[in-house]
Every structure is written in C-alpha cells, then in structure tokens.
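final.txt follows (compact mmCIF, C-alpha atoms):
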```
# COMPACT_ATOMS: atom_id res chain seq x y z
CA MET A 69 77.14 181.85 148.63
CA SER A 70 73.51 180.85 148.00
CA LYS A 71 72.71 177.24 147.27
CA ARG A 72 72.38 176.15 143.66
CA ASN A 73 69.01 174.80 142.56
CA ILE A 74 69.46 171.28 141.24
CA ALA A 75 66.67 169.65 139.24
CA VAL A 76 66.58 165.88 139.73
CA VAL A 77 64.94 165.10 136.39
CA TRP A 78 63.05 161.81 136.22
CA GLY A 79 60.10 160.26 134.38
CA GLY A 80 60.22 159.79 130.63
CA TYR A 81 58.02 158.17 128.05
CA SER A 82 58.94 154.49 128.42
CA SER A 83 58.29 151.50 130.67
CA GLU A 84 61.38 152.49 132.64
CA LYS A 85 59.57 155.39 134.34
CA GLU A 86 59.12 153.34 137.53
CA VAL A 87 62.85 152.63 137.71
CA SER A 88 63.57 156.29 136.97
CA GLU A 89 61.45 157.34 139.94
CA ARG A 90 63.46 155.09 142.24
CA SER A 91 66.74 156.34 140.80
CA ALA A 92 65.57 159.93 141.31
CA GLN A 93 64.98 159.23 144.97
CA GLY A 94 68.47 157.75 145.18
CA ILE A 95 70.06 160.84 143.61
CA TYR A 96 67.93 163.14 145.79
CA ASP A 97 69.14 161.35 148.94
CA PHE A 98 72.78 161.35 147.82
CA LEU A 99 72.96 165.07 146.98
CA ASP A 100 74.65 167.36 149.49
CA GLN A 101 71.77 169.29 151.02
CA THR A 102 74.19 171.82 152.52
CA LYS A 103 75.29 172.85 149.01
CA TYR A 104 72.20 172.34 146.88
CA ASN A 105 68.46 172.81 146.84
CA ALA A 106 67.41 169.52 145.25
CA ILE A 107 64.00 169.62 143.57
CA LYS A 108 62.47 166.68 141.70
CA VAL A 109 61.15 167.42 138.23
CA CYS A 110 59.00 164.84 136.46
CA ILE A 111 59.00 165.00 132.67
CA GLY A 112 56.10 163.27 130.96
CA GLU A 113 54.70 163.32 127.46
CA GLN A 114 52.01 165.83 128.45
CA THR A 115 53.37 167.68 131.48
CA TRP A 116 56.63 168.81 133.06
CA GLU A 117 56.19 169.38 136.79
CA ALA A 118 58.39 170.38 139.72
CA GLU A 119 57.67 168.88 143.13
CA TYR A 120 58.24 171.63 145.69
CA ASN A 121 57.03 171.97 149.29
CA ASN A 122 54.50 169.15 148.83
CA ALA A 123 52.96 170.80 145.77
CA HIS A 124 53.39 170.44 142.02
CA TYR A 125 54.12 173.32 139.67
CA PRO A 126 54.34 173.39 135.86
CA ILE A 127 57.78 173.97 134.38
CA ASN A 128 58.29 176.94 132.09
CA ARG A 129 60.03 175.20 129.19
CA ASN A 130 61.38 178.46 127.79
CA ASN A 131 64.01 178.66 130.54
CA PHE A 132 63.41 175.56 132.72
CA SER A 133 62.04 177.39 135.75
CA PHE A 134 58.80 177.47 137.71
CA ALA A 135 56.74 179.86 139.81
CA THR A 136 54.89 178.98 143.01
CA THR A 137 51.41 180.14 143.99
CA THR A 138 53.03 182.53 146.49
CA GLY A 139 54.90 184.32 143.72
CA GLN A 140 58.28 182.67 144.30
CA HIS A 141 60.27 182.15 141.08
CA ILE A 142 62.80 179.34 140.99
CA GLN A 143 65.36 179.09 138.21
CA PHE A 144 67.37 175.87 137.99
CA ASP A 145 71.15 176.06 137.84
CA PHE A 146 71.78 172.43 136.95
CA ALA A 147 69.87 169.35 135.80
CA TYR A 148 70.72 165.89 137.10
CA ILE A 149 69.15 163.69 134.44
CA ILE A 150 68.02 160.32 135.74
CA ILE A 151 65.50 159.38 133.05
CA HIS A 152 66.11 155.82 131.84
CA GLY A 153 64.88 155.67 128.26
CA THR A 154 63.52 158.45 126.09
CA PRO A 155 63.86 161.46 126.22
CA GLY A 156 66.59 161.51 128.89
CA GLU A 157 68.91 158.71 127.75
CA ASP A 158 68.72 159.05 123.97
CA GLY A 159 69.62 162.72 123.53
CA PRO A 160 66.54 164.98 123.05
CA LEU A 161 66.57 166.33 126.61
CA GLN A 162 70.31 166.97 126.40
CA GLY A 163 69.71 168.96 123.21
CA TYR A 164 67.06 171.02 124.99
CA PHE A 165 69.40 171.88 127.86
CA ASP A 166 72.18 172.70 125.40
CA MET A 167 69.87 175.15 123.64
CA ILE A 168 68.84 177.00 126.80
CA GLY A 169 72.31 176.89 128.37
CA ILE A 170 71.71 174.78 131.48
CA PRO A 171 74.49 172.35 132.49
CA TYR A 172 73.51 168.75 133.12
CA SER A 173 74.96 165.57 134.54
CA SER A 174 74.94 163.11 131.67
CA SER A 175 76.65 162.65 128.33
CA GLY A 176 75.65 165.00 125.52
CA LEU A 177 73.21 164.53 122.67
CA LEU A 178 75.53 162.66 120.31
CA ALA A 179 76.95 160.26 122.91
CA CYS A 180 73.47 159.52 124.26
CA ALA A 181 71.99 158.92 120.81
CA LEU A 182 74.91 156.66 119.88
CA THR A 183 74.92 154.53 123.01
CA PHE A 184 71.12 154.28 123.27
CA SER A 185 71.05 152.25 120.06
CA LYS A 186 72.68 148.99 121.15
CA PHE A 187 73.23 147.84 117.57
CA THR A 188 74.78 151.12 116.42
CA CYS A 189 76.98 151.53 119.48
CA ASN A 190 78.28 147.97 119.48
CA ASN A 191 79.14 148.08 115.79
CA PHE A 192 80.80 151.48 116.24
CA LEU A 193 82.97 150.08 119.04
CA LYS A 194 83.59 146.87 117.09
CA SER A 195 85.35 149.01 114.49
CA PHE A 196 87.87 149.96 117.21
CA GLY A 197 88.61 146.33 118.02
CA PHE A 198 86.18 145.65 120.87
CA ASP A 199 84.62 142.21 121.04
CA VAL A 200 80.81 142.33 120.79
CA ALA A 201 78.12 139.72 120.26
CA ASP A 202 77.09 139.02 116.68
CA SER A 203 73.73 140.70 116.11
CA ILE A 204 70.95 141.45 113.63
CA LEU A 205 68.77 144.57 113.62
CA ILE A 206 65.14 144.50 112.51
CA ARG A 207 63.18 147.70 112.04
CA GLU A 208 59.41 147.95 112.31
CA ASN A 209 57.55 146.66 109.24
CA GLU A 210 60.70 145.03 107.86
CA THR A 211 60.40 141.42 106.80
CA TYR A 212 62.73 138.85 108.32
CA ASN A 213 63.51 135.16 107.89
CA SER A 214 63.48 133.30 111.19
CA GLN A 215 65.43 130.36 109.83
CA GLU A 216 68.21 132.60 108.48
CA ILE A 217 68.45 134.38 111.84
CA ILE A 218 68.79 131.08 113.70
CA GLU A 219 71.30 129.69 111.22
CA ARG A 220 73.50 132.77 111.65
CA LEU A 221 73.23 133.40 115.40
CA LYS A 222 72.44 129.83 116.61
CA LEU A 223 70.28 128.92 119.58
CA PRO A 224 69.92 130.07 122.25
CA LEU A 225 69.86 133.75 121.33
CA PHE A 226 68.59 137.00 122.84
CA VAL A 227 65.82 139.21 121.49
CA LYS A 228 65.45 142.69 122.96
CA PRO A 229 64.35 146.22 122.07
CA ASN A 230 67.28 147.97 120.38
CA VAL A 231 66.53 151.14 122.34
CA GLY A 232 65.59 150.58 125.96
CA GLY A 233 66.82 149.10 129.19
CA SER A 234 65.98 147.40 132.47
CA SER A 235 65.53 144.19 130.43
CA PHE A 236 61.97 145.10 129.47
CA ALA A 237 60.67 142.85 126.65
CA THR A 238 63.94 140.89 126.60
CA THR A 239 63.69 137.17 125.86
CA LYS A 240 66.20 134.35 125.84
CA VAL A 241 65.02 132.24 122.90
CA LYS A 242 65.94 128.57 123.24
CA GLU A 243 63.63 127.05 120.63
CA ALA A 244 62.93 128.16 117.06
CA ASN A 245 59.18 128.42 117.61
CA GLN A 246 59.73 131.05 120.32
CA LEU A 247 61.50 133.55 118.06
CA GLU A 248 58.54 135.26 116.38
CA THR A 249 56.71 135.81 119.68
CA ALA A 250 59.85 137.24 121.26
CA ILE A 251 60.30 139.65 118.35
CA ASP A 252 56.66 140.79 118.63
CA GLU A 253 57.09 141.42 122.36
CA ALA A 254 60.21 143.51 121.73
CA PHE A 255 58.43 145.52 119.02
CA ALA A 256 55.71 146.35 121.55
CA GLU A 257 58.41 148.22 123.49
CA ALA A 258 60.38 149.87 120.65
CA HIS A 259 60.47 150.44 116.88
CA GLU A 260 63.70 148.48 116.45
CA VAL A 261 64.62 145.01 117.68
CA ILE A 262 68.11 143.63 118.13
CA ILE A 263 68.75 139.89 118.05
CA GLU A 264 72.05 138.80 119.55
CA SER A 265 74.01 135.59 119.78
CA PHE A 266 74.15 134.08 123.25
CA ILE A 267 77.49 134.33 125.02
CA ASP A 268 78.07 132.06 127.98
CA GLY A 269 80.32 133.37 130.71
CA ILE A 270 80.70 135.63 133.74
CA GLU A 271 78.74 138.88 133.61
CA VAL A 272 80.45 141.97 135.01
CA THR A 273 79.81 145.69 134.91
CA CYS A 274 82.16 148.65 135.32
CA GLY A 275 81.40 152.29 136.11
CA CYS A 276 83.43 155.31 135.06
CA PHE A 277 83.09 159.05 135.56
CA LYS A 278 85.05 162.21 134.88
CA THR A 279 85.63 165.27 137.05
CA GLN A 280 88.21 168.04 137.26
CA THR A 281 90.84 165.54 138.41
CA GLY A 282 90.31 163.28 135.37
CA LYS A 283 88.61 159.93 134.82
CA THR A 284 87.90 157.53 137.67
CA VAL A 285 87.25 153.90 136.75
CA LEU A 286 85.40 152.03 139.47
CA PRO A 287 85.78 148.45 140.76
CA LEU A 288 83.91 145.79 138.79
CA THR A 289 80.71 144.16 139.97
CA GLU A 290 80.10 140.49 139.18
CA VAL A 291 76.48 139.62 138.46
CA VAL A 292 75.29 136.15 139.46
CA THR A 293 71.63 135.31 138.84
CA HIS A 294 69.80 132.01 139.03
CA ASN A 295 67.26 133.27 136.50
CA GLU A 296 67.76 132.56 132.82
CA PHE A 297 69.57 135.90 132.53
CA PHE A 298 69.90 139.25 134.32
CA ASP A 299 66.25 140.19 133.75
CA TYR A 300 63.99 142.80 135.38
CA GLU A 301 63.21 140.50 138.31
CA ALA A 302 66.91 139.95 138.93
CA LYS A 303 67.74 143.66 138.58
CA TYR A 304 65.06 145.13 140.78
CA GLU A 305 63.49 142.37 142.86
CA GLY A 306 66.59 140.90 144.44
CA LYS A 307 66.83 137.70 142.38
CA VAL A 308 70.56 138.18 141.97
CA GLU A 309 73.87 138.12 143.76
CA GLU A 310 76.05 141.17 143.12
CA ILE A 311 79.68 140.83 144.13
CA THR A 312 81.91 143.92 144.26
CA PRO A 313 84.76 143.66 143.47
CA ALA A 314 84.25 140.88 140.95
CA ARG A 315 85.93 137.52 141.59
CA ILE A 316 88.25 137.67 138.60
CA SER A 317 91.98 138.13 138.20
CA ALA A 318 93.66 141.48 138.73
CA GLU A 319 94.90 141.34 135.13
CA LEU A 320 91.41 140.82 133.69
CA THR A 321 89.97 143.46 136.00
CA GLN A 322 92.55 145.96 134.77
CA GLU A 323 91.87 145.05 131.13
CA ILE A 324 88.13 145.66 131.53
CA GLN A 325 88.72 148.91 133.40
CA GLN A 326 91.04 150.10 130.63
CA GLN A 327 88.46 149.13 128.00
CA THR A 328 85.76 151.02 129.90
CA ALA A 329 87.94 154.15 130.10
CA LYS A 330 88.64 153.91 126.36
CA ILE A 331 84.93 153.48 125.56
CA TYR A 332 84.18 156.53 127.71
CA ASP A 333 86.45 158.63 125.49
CA LEU A 334 85.42 157.06 122.17
CA VAL A 335 81.72 157.76 122.64
CA GLY A 336 82.43 161.22 124.08
CA ALA A 337 80.85 160.49 127.46
CA LYS A 338 80.30 162.81 130.41
CA GLY A 339 79.15 162.18 133.97
CA ILE A 340 78.73 158.60 135.16
CA VAL A 341 78.72 155.83 132.55
CA ARG A 342 78.52 152.07 133.01
CA ALA A 343 79.68 149.39 130.58
CA ASP A 344 78.46 145.79 130.81
CA TYR A 345 80.46 142.75 129.71
CA ILE A 346 80.38 138.96 129.52
CA ILE A 347 83.72 137.28 130.15
CA CYS A 348 83.90 134.33 127.77
CA ASN A 349 87.05 132.18 127.57
CA ASN A 350 88.90 134.79 129.62
CA ARG A 351 88.11 137.64 127.21
CA PRO A 352 85.61 140.46 127.82
CA VAL A 353 82.77 140.80 125.32
CA LEU A 354 80.94 144.14 125.48
CA LEU A 355 77.17 143.93 125.98
CA GLU A 356 76.16 147.59 126.11
CA VAL A 357 77.02 151.08 127.35
CA ASN A 358 74.70 152.94 129.72
CA THR A 359 74.98 156.74 129.88
CA VAL A 360 72.23 157.06 132.54
CA PRO A 361 72.89 154.08 134.82
CA GLY A 362 70.46 153.24 137.58
CA MET A 363 70.82 154.84 140.99
CA THR A 364 68.28 152.82 142.97
CA GLU A 365 69.08 151.15 146.27
CA THR A 366 70.02 147.99 144.33
CA SER A 367 72.04 149.67 141.56
CA PHE A 368 75.65 148.92 140.70
CA ILE A 369 77.21 152.39 140.72
CA PRO A 370 76.61 153.12 144.44
CA GLN A 371 78.06 149.69 145.25
CA GLN A 372 81.15 150.34 143.14
CA VAL A 373 81.65 153.83 144.57
CA ALA A 374 81.53 152.37 148.10
CA ALA A 375 83.99 149.62 147.12
CA ALA A 376 86.36 152.33 145.86
CA ASN A 377 86.14 153.97 149.32
CA LEU A 378 84.46 156.99 147.79
CA SER A 379 81.30 158.82 148.81
CA MET A 380 78.36 159.05 146.40
CA THR A 381 77.63 162.50 147.78
CA ASP A 382 81.18 163.65 147.01
CA VAL A 383 81.14 162.04 143.57
CA LEU A 384 77.90 163.80 142.62
CA THR A 385 79.19 167.11 143.96
CA ASP A 386 82.39 166.77 141.92
CA ILE A 387 80.42 165.95 138.75
CA ILE A 388 78.01 168.86 139.23
CA GLU A 389 80.76 171.38 139.95
CA TYR A 390 82.89 170.15 137.03
CA GLU A 391 80.07 170.35 134.49
CA TYR A 392 78.87 173.67 135.88
CA LYS A 393 82.30 175.26 135.51
CA ILE A 394 82.71 173.96 131.95
CA LEU A 395 79.51 175.66 130.80
CA LYS A 396 79.62 178.75 132.99
```

The structure given in the file should be rewritten as structure tokens.
Amino acid sequence: MSKRNIAVVWGGYSSEKEVSERSAQGIYDFLDQTKYNAIKVCIGEQTWEAEYNNAHYPINRNNFSFATTTGQHIQFDFAYIIIHGTPGEDGPLQGYFDMIGIPYSSSGLLACALTFSKFTCNNFLKSFGFDVADSILIRENETYNSQEIIERLKLPLFVKPNVGGSSFATTKVKEANQLETAIDEAFAEAHEVIIESFIDGIEVTCGCFKTQTGKTVLPLTEVVTHNEFFDYEAKYEGKVEEITPARISAELTQEIQQQTAKIYDLVGAKGIVRADYIICNNRPVLLEVNTVPGMTETSFIPQQVAAANLSMTDVLTDIIEYEYKILK
C-alpha cells in the first residue's frame, strides 16, 4: 500500500506562529516515516505553501493539493493541524477541511470555537459543575470600571487575551494602577480580554486523546515555576520545572483524570486535548482547555505519553488512522 500524504499544518495569524513552527517540527519528527509522507504546510494570511524537497509550492485551496515544477501533483490524505491560535485552533480551518472532505487531527469546528474562548468555555463547563475562576469579559470598545473589577475579583488578578495562548500579553496585576495597562496590552493581542481572579495552588495539566480503542487519559504533569506565573519564558525558555507524574495523591490524580475525560466528551473533542488546572485547597479548578496543545521539545503531551509508557509515534499513528477511517 502506498504511503499516505500527511500535511503538518502550521503557521497561523497570531503571535503564536513561532511556537507553531516548533510544534510542527515536533510532529514531523514523531510521525512514522515508514507509513506516511510528512510534508509541512505553512498557512499565512496571504499565502499557503507546502515545503517539499527544499522548495516551496503554493497550495491549491480548492482541494488542498499542490503541484511541483516537475509536474508532480500531490494530494493530501490527512491534515495534522498544529496551528496555535487562529485559524487552526478556533475552528475556521476545521470548517474548511470539513467542506472539502479531508480528515484532520484536531477537534471539529464547534469544539474548537467553544474552547478557544476561555470565558465561554469556562462558563459552559461551570454549568456542568466544574470549578472555574471567577472572571469578567471585556470586548473591544466596551467601557469598564476598574474599581468595580477589583472589588469583585480582588487583587492580585490575571488579565489575558480571551482568545489566544502561550501566555502572550498575559499579566498578573498586583496593584490597581497596573490594571488599565494590562488590559491595553491584552487588547493589542485580541479583540476580547478576560480578567480572572487569582487562584493560589498547585498547577497541573492533563492530556487526553481518543482512538479506536477509546479514550486514553494521560498522567498529570505538575508545573513549578519561579516566575510570577507560568508565562512565555517559563513555557518555552526553560524557566520551569515540569514533574510527570505530578506529586499529588492517587485519589486527586484520578479525580482530575476523570474530569478531563468528562470535559473531552462535553466539548465534543477529537484528537489530543489538554486541560489545565490549579489545585486549591485540595480541589481542582479548571483554567482552560487546549484543543491544539503544544508539541515542542518542552511540551507536556510528549512528556505525559512517555510517562504512560506509550510512544508518540504510535499515538499519532492511531489518531490518524482512527480519524481517517471515520471520514473515509
């Protein structure tokens, strides 16, 4: 049987493009080269390009294929989406692949749109009994009262873009006079800003994925940083200690794993999903749900897969084959 052509789709329109490029290299290296022809595809606001044999070729968006200068035509069989941010984590790209009938690795349009909005997702899951931080949403050009925000959420508090990741434009506000600047910085990154109450505790994260054999919930990773919080520097420049499995009780580990599995089903997830929590007074408080978690050399999912005595290559193969069979 001929190898399937797998597009490792990276890029995007946000500040997370650099992280996406690193994640794409991670996925590319993990993929089973004996089964698949892995080809990186960069999606930008102006161009979609495939990187093939040290050259770049424009993507035909009508059917997600490309032609080389030697007349070779390559049609993709599957898209592994590793764009952090728009349009690969919030749903538009998933809708495109749905329309042209190409299977892909991540959750679908609705699940991505839901989880990409931290405020919407957390309040949706709150209605099912999950503990989440108290939060306020501000949309662009809306007026807000700084004093009312502080009175409700107390100091310190967190200000971050409502849609985005990698802790870009995220600020821990400890003094009232810092709030307006923090909100302006977050608005420079997105059209909506979420302001959340600060929760002190142990930060953990839990991965989950689904294949033909059912859901697999991975071991937890404990996140210990000496920075003010788990910011970009901590995530991608090594200013953090990541401990897998997390140093918490078996009972609490099981509770968080069960919550993660339930969240996976409630949001209608596919592929690999990661849920982040703060354990406060021995109870898990959900921070956010990531439908396109990072796959860089410092990312959590590869650590958790290794701790579960699984192979990333096998996990990706199982996800690809499962999603391919569902559509085909």

CA of Thr273 (chain A) and CA of Asp344 (chain A) are how many Å apart? 4.3 Å

So which residues touch Gln246 (chain A) within 12 Å, counting all atoms listed in the file, skipping near sequence neighbours fewer than 5 positions away, as a list in words? Ser214, Gln215, Ile218, Leu223, Pro224, Leu225, Phe226, Val227, Thr239, Lys240, Val241, Ile251, Asp252 and Glu253 of chain A

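Relative to CA of Phe146 (chain A), CA of Glu117 (chain A) is found at 15.9 Å.
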
Name the residues within 8 Å of (86.6, 149.7, 121.0), counting only C-alpha atoms in the file's coordinates, and put them as a PyMOL selection string. chain A and resi 192-199+327+330-331+334

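The spacing separating CA of Ser83 (chain A) from CA of Gly153 (chain A) amounts to 8.2 Å.
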
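Across A:Lys108, A:Arg351, A:Lys278, A:His294, the tightest approach to Ala337 (chain A) is made by A:Lys278 when counting only C-alpha atoms.
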
Using only C-alpha atoms: which of A:Ile170, A:Ile95, A:Tyr104, A:Ser82 has the shortest distance to Ala256 (chain A): A:Ser82

Start from the incomplete input, build N, CA and C atoms for region 120-152 of chain A, and deliver everything as a PDB file, in the frame of the given file.
```pdb
ATOM      1  N   TYR A 120      57.623 170.649 144.796  1.00  0.00           N
ATOM      2  CA  TYR A 120      58.240 171.630 145.690  1.00  0.00           C
ATOM      3  C   TYR A 120      57.305 171.929 146.860  1.00  0.00           C
ATOM      4  N   ASN A 121      57.818 171.714 148.078  1.00  0.00           N
ATOM      5  CA  ASN A 121      57.030 171.970 149.290  1.00  0.00           C
ATOM      6  C   ASN A 121      55.663 171.275 149.237  1.00  0.00           C
ATOM      7  N   ASN A 122      55.702 170.000 148.857  1.00  0.00           N
ATOM      8  CA  ASN A 122      54.500 169.150 148.830  1.00  0.00           C
ATOM      9  C   ASN A 122      53.442 169.628 147.831  1.00  0.00           C
ATOM     10  N   ALA A 123      53.866 170.371 146.834  1.00  0.00           N
ATOM     11  CA  ALA A 123      52.960 170.800 145.770  1.00  0.00           C
ATOM     12  C   ALA A 123      53.642 170.592 144.422  1.00  0.00           C
ATOM     13  N   HIS A 124      52.868 170.629 143.361  1.00  0.00           N
ATOM     14  CA  HIS A 124      53.390 170.440 142.020  1.00  0.00           C
ATOM     15  C   HIS A 124      53.156 171.678 141.177  1.00  0.00           C
ATOM     16  N   TYR A 125      54.191 172.103 140.460  1.00  0.00           N
ATOM     17  CA  TYR A 125      54.120 173.320 139.670  1.00  0.00           C
ATOM     18  C   TYR A 125      54.603 173.054 138.252  1.00  0.00           C
ATOM     19  N   PRO A 126      53.915 173.604 137.244  1.00  0.00           N
ATOM     20  CA  PRO A 126      54.340 173.390 135.860  1.00  0.00           C
ATOM     21  C   PRO A 126      55.672 174.090 135.570  1.00  0.00           C
ATOM     22  N   ILE A 127      56.488 173.414 134.791  1.00  0.00           N
ATOM     23  CA  ILE A 127      57.780 173.970 134.380  1.00  0.00           C
ATOM     24  C   ILE A 127      57.589 174.896 133.183  1.00  0.00           C
ATOM     25  N   ASN A 128      58.214 176.060 133.245  1.00  0.00           N
ATOM     26  CA  ASN A 128      58.290 176.940 132.090  1.00  0.00           C
ATOM     27  C   ASN A 128      59.412 176.404 131.192  1.00  0.00           C
ATOM     28  N   ARG A 129      59.036 175.864 130.055  1.00  0.00           N
ATOM     29  CA  ARG A 129      60.030 175.200 129.190  1.00  0.00           C
ATOM     30  C   ARG A 129      60.901 176.195 128.435  1.00  0.00           C
ATOM     31  N   ASN A 130      60.547 177.458 128.459  1.00  0.00           N
ATOM     32  CA  ASN A 130      61.380 178.460 127.790  1.00  0.00           C
ATOM     33  C   ASN A 130      62.732 178.628 128.478  1.00  0.00           C
ATOM     34  N   ASN A 131      62.742 178.477 129.810  1.00  0.00           N
ATOM     35  CA  ASN A 131      64.010 178.660 130.540  1.00  0.00           C
ATOM     36  C   ASN A 131      64.186 177.645 131.662  1.00  0.00           C
ATOM     37  N   PHE A 132      63.345 176.617 131.715  1.00  0.00           N
ATOM     38  CA  PHE A 132      63.410 175.560 132.720  1.00  0.00           C
ATOM     39  C   PHE A 132      63.388 176.152 134.135  1.00  0.00           C
ATOM     40  N   SER A 133      62.270 176.800 134.437  1.00  0.00           N
ATOM     41  CA  SER A 133      62.040 177.390 135.750  1.00  0.00           C
ATOM     42  C   SER A 133      60.591 177.137 136.128  1.00  0.00           C
ATOM     43  N   PHE A 134      60.205 177.546 137.339  1.00  0.00           N
ATOM     44  CA  PHE A 134      58.800 177.470 137.710  1.00  0.00           C
ATOM     45  C   PHE A 134      58.487 178.549 138.744  1.00  0.00           C
ATOM     46  N   ALA A 135      57.215 178.861 138.848  1.00  0.00           N
ATOM     47  CA  ALA A 135      56.740 179.860 139.810  1.00  0.00           C
ATOM     48  C   ALA A 135      55.733 179.207 140.743  1.00  0.00           C
ATOM     49  N   THR A 136      55.818 179.531 142.019  1.00  0.00           N
ATOM     50  CA  THR A 136      54.890 178.980 143.010  1.00  0.00           C
ATOM     51  C   THR A 136      53.647 179.869 143.105  1.00  0.00           C
ATOM     52  N   THR A 137      52.646 179.369 143.813  1.00  0.00           N
ATOM     53  CA  THR A 137      51.410 180.140 143.990  1.00  0.00           C
ATOM     54  C   THR A 137      51.627 181.352 144.880  1.00  0.00           C
ATOM     55  N   THR A 138      52.733 181.374 145.628  1.00  0.00           N
ATOM     56  CA  THR A 138      53.030 182.530 146.490  1.00  0.00           C
ATOM     57  C   THR A 138      53.889 183.570 145.778  1.00  0.00           C
ATOM     58  N   GLY A 139      54.142 183.347 144.491  1.00  0.00           N
ATOM     59  CA  GLY A 139      54.900 184.320 143.720  1.00  0.00           C
ATOM     60  C   GLY A 139      56.395 184.083 143.697  1.00  0.00           C
ATOM     61  N   GLN A 140      56.853 182.989 144.303  1.00  0.00           N
ATOM     62  CA  GLN A 140      58.280 182.670 144.300  1.00  0.00           C
ATOM     63  C   GLN A 140      58.682 182.134 142.927  1.00  0.00           C
ATOM     64  N   HIS A 141      59.770 182.632 142.377  1.00  0.00           N
ATOM     65  CA  HIS A 141      60.270 182.150 141.080  1.00  0.00           C
ATOM     66  C   HIS A 141      61.575 181.399 141.292  1.00  0.00           C
ATOM     67  N   ILE A 142      61.605 180.170 140.809  1.00  0.00           N
ATOM     68  CA  ILE A 142      62.800 179.340 140.990  1.00  0.00           C
ATOM     69  C   ILE A 142      63.379 178.966 139.633  1.00  0.00           C
ATOM     70  N   GLN A 143      64.614 179.390 139.431  1.00  0.00           N
ATOM     71  CA  GLN A 143      65.360 179.090 138.210  1.00  0.00           C
ATOM     72  C   GLN A 143      66.399 178.013 138.532  1.00  0.00           C
ATOM     73  N   PHE A 144      66.414 176.963 137.741  1.00  0.00           N
ATOM     74  CA  PHE A 144      67.370 175.870 137.990  1.00  0.00           C
ATOM     75  C   PHE A 144      68.750 176.241 137.455  1.00  0.00           C
ATOM     76  N   ASP A 145      69.752 175.837 138.233  1.00  0.00           N
ATOM     77  CA  ASP A 145      71.150 176.060 137.840  1.00  0.00           C
ATOM     78  C   ASP A 145      71.764 174.842 137.168  1.00  0.00           C
ATOM     79  N   PHE A 146      71.176 173.678 137.426  1.00  0.00           N
ATOM     80  CA  PHE A 146      71.780 172.430 136.950  1.00  0.00           C
ATOM     81  C   PHE A 146      70.698 171.357 136.898  1.00  0.00           C
ATOM     82  N   ALA A 147      70.808 170.464 135.924  1.00  0.00           N
ATOM     83  CA  ALA A 147      69.870 169.350 135.800  1.00  0.00           C
ATOM     84  C   ALA A 147      70.606 168.024 135.978  1.00  0.00           C
ATOM     85  N   TYR A 148      70.195 167.252 136.990  1.00  0.00           N
ATOM     86  CA  TYR A 148      70.720 165.890 137.100  1.00  0.00           C
ATOM     87  C   TYR A 148      69.714 164.976 136.432  1.00  0.00           C
ATOM     88  N   ILE A 149      70.077 164.489 135.255  1.00  0.00           N
ATOM     89  CA  ILE A 149      69.150 163.690 134.440  1.00  0.00           C
ATOM     90  C   ILE A 149      69.207 162.228 134.891  1.00  0.00           C
ATOM     91  N   ILE A 150      68.071 161.717 135.323  1.00  0.00           N
ATOM     92  CA  ILE A 150      68.020 160.320 135.740  1.00  0.00           C
ATOM     93  C   ILE A 150      66.794 159.649 135.111  1.00  0.00           C
ATOM     94  N   ILE A 151      66.541 160.036 133.855  1.00  0.00           N
ATOM     95  CA  ILE A 151      65.500 159.380 133.050  1.00  0.00           C
ATOM     96  C   ILE A 151      66.141 158.217 132.313  1.00  0.00           C
ATOM     97  N   HIS A 152      65.658 157.006 132.578  1.00  0.00           N
ATOM     98  CA  HIS A 152      66.110 155.820 131.840  1.00  0.00           C
ATOM     99  C   HIS A 152      65.170 155.653 130.649  1.00  0.00           C
TER     100      HIS A 152
END
```
